[in-house]
Amino acid sequence: MEATTMTRPGFSRECLIVLVLLASFILPSANLMAQNRLFVSPSEEERVLNAEQQQKYRFLEQQLTSARIDLVRIGDLLPALRRRTLPINLPGRLMEFSAEPTHVQYYSPDHYIWNGRLLAGSGRIALVNNQGAFTGIIQLDGQWYKIEPLGRGMHALITVDMTRLPSGDDTPPGGQGEGKQTRAHKASGGNKNIEILVLYTDAAEDAVGDIAGTAALAVNDASVAYANSAITSSQLSIDLVGTSNISLQESDDISDDVMDLADDTEANSRRDSFWGDVVILLTDGDYGGGNIFGIAKEIEADEDNAFAIVEADHATVNFTFAHELGHLQGGHHQQCSVYNRTGCDDAAGNAHGYGWTIGGGEYSWTIMHQLGRPGDPIQYFSNPSVSSNGNATGTTQNNVAQKIRDTASSMADFRLATDSARL
């Protein structure tokens with residue numbers, strides 16, 4: 001009798017080989033899945049930084065709010081982004097998080113801005129890819145992380161020390177403006193697009209991994225805040241019209257610096273060249289002993305006073321850039337009855353920031369509210385018609401979103417270029 005080989009019904013050896021081959025093409029390998037995650041652990045060779053990388057690393061390490069820095073590479077994100085789910089594997093955290101897109105600006109595979117919300121916990125992520133150099137922010141359950149490029153594919157993931165956030169007063173030295181144009185312009189035809197020119201000092205460029213990425217991320221954060229606050233693109237949109245270096249020397253007095261900025265010949269020449277409605281200068285000044293990260297020249301600024309200063313290394317932490325832009329658009333701090341501290345603002349009108357208790361001694365607040373309480377700022381301007389986690393983000397007396405809508409047309413007309421003069 002001939003010997004026979006027993007096989008399971010329906011599974012020949014040839015069929016098994018075919019299934020294995022199919023699986024190799026269909027199922028992603030562990031290495032591929034790792035590449036699709038946000039962070040990839042660098043090799044020992046990559047951890048040996050060259051002189052330029054070491055200099056950037058030291059600048060980031062010395063920043064006031066840097067609690068911890070992890071060296072990382074950014075994975076191949078495009079497959080994950082196409083799946084509309086980005087796995088986020090933060091070093092030091094056992095649990096992995098995922099984010100889904102909320103606002104995306106895609107220009108090319110190595111140039112895009114990606115905003116997402118976390119699917120577990122409370123938080124968000126914003127990434128700017130500038131030719132493979134990633135600048136980003138992660139906000140997760142009250143903890144913030146910054147992503148800064150170091151060069152040659154290496155990045156620094158910075159855990160922000162939330163206890164070292166500023167407690168100083170950023171009240172604009174120019175006080176309350178009138179939000180008016182100060183020279184003749186051609187008719188705008190209902191223009192509500194505000195063009196922001198970001199200038200930066202040499203010191204600011206040294207303070208971050210990619211100054212262009214920092215500027216793009218800061219403007220993006222403000223734009224997303226408008227959308228979150230029910231300010232539609234037909235009511236207001238903002239664009240980064242340019243990023244340019246100037247030779248203005250920083251001092252240790254931010255109020256003096258913003259006054260000098262508004263009078264600076266070079267800054268105004270760049271503004272005229274780029275047709276910037278608003279000018280925001282990124283610096284690296286040690287203002288107020290590290291207690292002030294930004295200042296606007298005026299609240300509801302007129303055309304000649306639409307200038308602000310923001311420290312580059314904190315432009316996107318706690319929405320500093322959006323906060324100072326909000327001042328220029330007419331936004332005030334919270335009333336003293338909401339939170340009484342130096343800089344609270346009992347000015348008439350309803351264009352005030354807002355905050356509320358969320359339990360357990362924690363507090364939540366909108367962008368124009370001052371810092372100072374345990375809790376987490378949210379990417380909203382106060383608006384009683386918009387809720388966050390079941391809480392109204394404003395009241396009838398705290399509605400910065402409406403003020404921003406009201407000032408949009410005037411501010412968008414601060415600079416209007418003819419087609420032939422437009423850069």
# chains A, B, ... in the order shown; residues from 1 in each chain; ligands from 1
$ residues_around --residues "Val310 in chain A" --least-positions-apart "4" --cutoff "9 Å" --atoms "only C-alpha atoms" --output "number ranges by chain"
A: 280-284, 293-296, 314-315, 320-321, 324
$ closest_atom_pairs --of "range 99-174 of chain A" --to "range 363-382 of chain A" --cutoff "10 Å" --atoms "only C-alpha atoms" --output "Markdown table"
| residue | atom | partner | partner_atom | distance |
| --- | --- | --- | --- | --- |
| A:Gly123 | CA | A:Ile378 | CA | 9.1 |
| A:Arg124 | CA | A:Gln379 | CA | 9.4 |
| A:Gln139 | CA | A:Asp376 | CA | 9.1 |
| A:Leu140 | CA | A:Asp376 | CA | 9.6 |
| A:Asp141 | CA | A:Asp376 | CA | 8.0 |
| A:Gly142 | CA | A:Asp376 | CA | 5.2 |
| A:Gln143 | CA | A:Asp376 | CA | 8.2 |
| A:Trp144 | CA | A:Asp376 | CA | 9.4 |
| A:Met162 | CA | A:Pro374 | CA | 9.1 |
| A:Thr163 | CA | A:Pro374 | CA | 8.8 |
| A:Leu165 | CA | A:Leu371 | CA | 7.8 |
| A:Pro166 | CA | A:Leu371 | CA | 7.3 |
| A:Ser167 | CA | A:Gly372 | CA | 6.3 |
| A:Gly168 | CA | A:Leu371 | CA | 9.2 |
| A:Asp169 | CA | A:Gln370 | CA | 8.7 |
| A:Asp170 | CA | A:Gln370 | CA | 9.2 |
$ write_last_selection --atoms "N, CA, C and O atoms" --output "PDB file, in the first residue's frame"
ATOM      1  N   GLY A 123      -7.074  66.607  23.171  1.00  0.00           N
ATOM      2  CA  GLY A 123      -5.893  67.246  22.620  1.00  0.00           C
ATOM      3  C   GLY A 123      -5.918  67.389  21.123  1.00  0.00           C
ATOM      4  O   GLY A 123      -6.896  67.071  20.449  1.00  0.00           O
ATOM      5  N   ARG A 124      -4.801  67.877  20.597  1.00  0.00           N
ATOM      6  CA  ARG A 124      -4.683  68.171  19.182  1.00  0.00           C
ATOM      7  C   ARG A 124      -3.224  68.068  18.769  1.00  0.00           C
ATOM      8  O   ARG A 124      -2.311  67.997  19.613  1.00  0.00           O
ATOM      9  N   GLN A 139      -0.746  68.883  21.924  1.00  0.00           N
ATOM     10  CA  GLN A 139      -1.413  69.267  23.169  1.00  0.00           C
ATOM     11  C   GLN A 139      -2.224  68.059  23.623  1.00  0.00           C
ATOM     12  O   GLN A 139      -3.153  67.638  22.946  1.00  0.00           O
ATOM     13  N   LEU A 140      -1.846  67.479  24.755  1.00  0.00           N
ATOM     14  CA  LEU A 140      -2.454  66.230  25.202  1.00  0.00           C
ATOM     15  C   LEU A 140      -2.790  66.311  26.685  1.00  0.00           C
ATOM     16  O   LEU A 140      -1.891  66.338  27.540  1.00  0.00           O
ATOM     17  N   ASP A 141      -4.077  66.361  26.998  1.00  0.00           N
ATOM     18  CA  ASP A 141      -4.540  66.338  28.390  1.00  0.00           C
ATOM     19  C   ASP A 141      -3.768  67.314  29.277  1.00  0.00           C
ATOM     20  O   ASP A 141      -3.325  66.981  30.382  1.00  0.00           O
ATOM     21  N   GLY A 142      -3.596  68.544  28.786  1.00  0.00           N
ATOM     22  CA  GLY A 142      -2.946  69.574  29.579  1.00  0.00           C
ATOM     23  C   GLY A 142      -1.443  69.642  29.453  1.00  0.00           C
ATOM     24  O   GLY A 142      -0.819  70.574  29.958  1.00  0.00           O
ATOM     25  N   GLN A 143      -0.829  68.657  28.794  1.00  0.00           N
ATOM     26  CA  GLN A 143       0.622  68.678  28.587  1.00  0.00           C
ATOM     27  C   GLN A 143       0.912  69.063  27.131  1.00  0.00           C
ATOM     28  O   GLN A 143       0.262  68.586  26.222  1.00  0.00           O
ATOM     29  N   TRP A 144       1.910  69.931  26.939  1.00  0.00           N
ATOM     30  CA  TRP A 144       2.289  70.395  25.609  1.00  0.00           C
ATOM     31  C   TRP A 144       3.657  69.837  25.232  1.00  0.00           C
ATOM     32  O   TRP A 144       4.544  69.686  26.077  1.00  0.00           O
ATOM     33  N   MET A 162       5.009  73.218  32.018  1.00  0.00           N
ATOM     34  CA  MET A 162       3.841  74.098  32.083  1.00  0.00           C
ATOM     35  C   MET A 162       3.876  75.030  33.296  1.00  0.00           C
ATOM     36  O   MET A 162       3.150  76.020  33.338  1.00  0.00           O
ATOM     37  N   THR A 163       4.730  74.734  34.277  1.00  0.00           N
ATOM     38  CA  THR A 163       4.806  75.596  35.455  1.00  0.00           C
ATOM     39  C   THR A 163       5.635  76.848  35.193  1.00  0.00           C
ATOM     40  O   THR A 163       5.652  77.763  36.017  1.00  0.00           O
ATOM     41  N   LEU A 165       5.311  78.824  32.472  1.00  0.00           N
ATOM     42  CA  LEU A 165       4.664  79.718  31.518  1.00  0.00           C
ATOM     43  C   LEU A 165       4.579  81.118  32.116  1.00  0.00           C
ATOM     44  O   LEU A 165       4.578  81.281  33.334  1.00  0.00           O
ATOM     45  N   PRO A 166       4.484  82.146  31.272  1.00  0.00           N
ATOM     46  CA  PRO A 166       4.634  83.519  31.762  1.00  0.00           C
ATOM     47  C   PRO A 166       3.496  83.969  32.668  1.00  0.00           C
ATOM     48  O   PRO A 166       2.350  83.572  32.500  1.00  0.00           O
ATOM     49  N   SER A 167       3.847  84.828  33.607  1.00  0.00           N
ATOM     50  CA  SER A 167       2.853  85.414  34.492  1.00  0.00           C
ATOM     51  C   SER A 167       2.841  86.930  34.400  1.00  0.00           C
ATOM     52  O   SER A 167       2.164  87.600  35.175  1.00  0.00           O
ATOM     53  N   GLY A 168       3.616  87.484  33.450  1.00  0.00           N
ATOM     54  CA  GLY A 168       3.703  88.930  33.309  1.00  0.00           C
ATOM     55  C   GLY A 168       2.511  89.522  32.576  1.00  0.00           C
ATOM     56  O   GLY A 168       1.628  88.815  32.085  1.00  0.00           O
ATOM     57  N   ASP A 169       2.509  90.833  32.484  1.00  0.00           N
ATOM     58  CA  ASP A 169       1.403  91.586  31.891  1.00  0.00           C
ATOM     59  C   ASP A 169       1.786  92.021  30.479  1.00  0.00           C
ATOM     60  O   ASP A 169       2.792  92.710  30.287  1.00  0.00           O
ATOM     61  N   ASP A 170       0.987  91.628  29.476  1.00  0.00           N
ATOM     62  CA  ASP A 170       1.271  92.005  28.088  1.00  0.00           C
ATOM     63  C   ASP A 170       0.317  93.093  27.591  1.00  0.00           C
ATOM     64  O   ASP A 170       0.054  93.199  26.396  1.00  0.00           O
TER      65      ASP A 170
END
$ select_by_dssp --residues "range 82-236 of chain A" --states "alpha helix (DSSP H)" --output "PyMOL selection string"
chain A and resi 82+202-207+211-228
$ residues_around --residues "Ala306 in chain A" --least-positions-apart "2" --cutoff "8 Å" --atoms "only C-alpha atoms" --output "list in words"
Ala262, Asp277, Val278, Val279, Ala296, Lys297, Glu298, Ala301, Asp302, Glu303, Asp304, Ala308 and Leu328 of chain A
$ atom_distance --atom1 "CA of Thr65 in chain A" --atom2 "CA of Ile211 in chain A"
18.4 Å
$ residues_around --residues "range 195-199 of chain A" --least-positions-apart "6" --cutoff "8 Å" --atoms "only C-alpha atoms" --output "PyMOL selection string"
chain A and resi 215+238-246+267+271+274-282+412
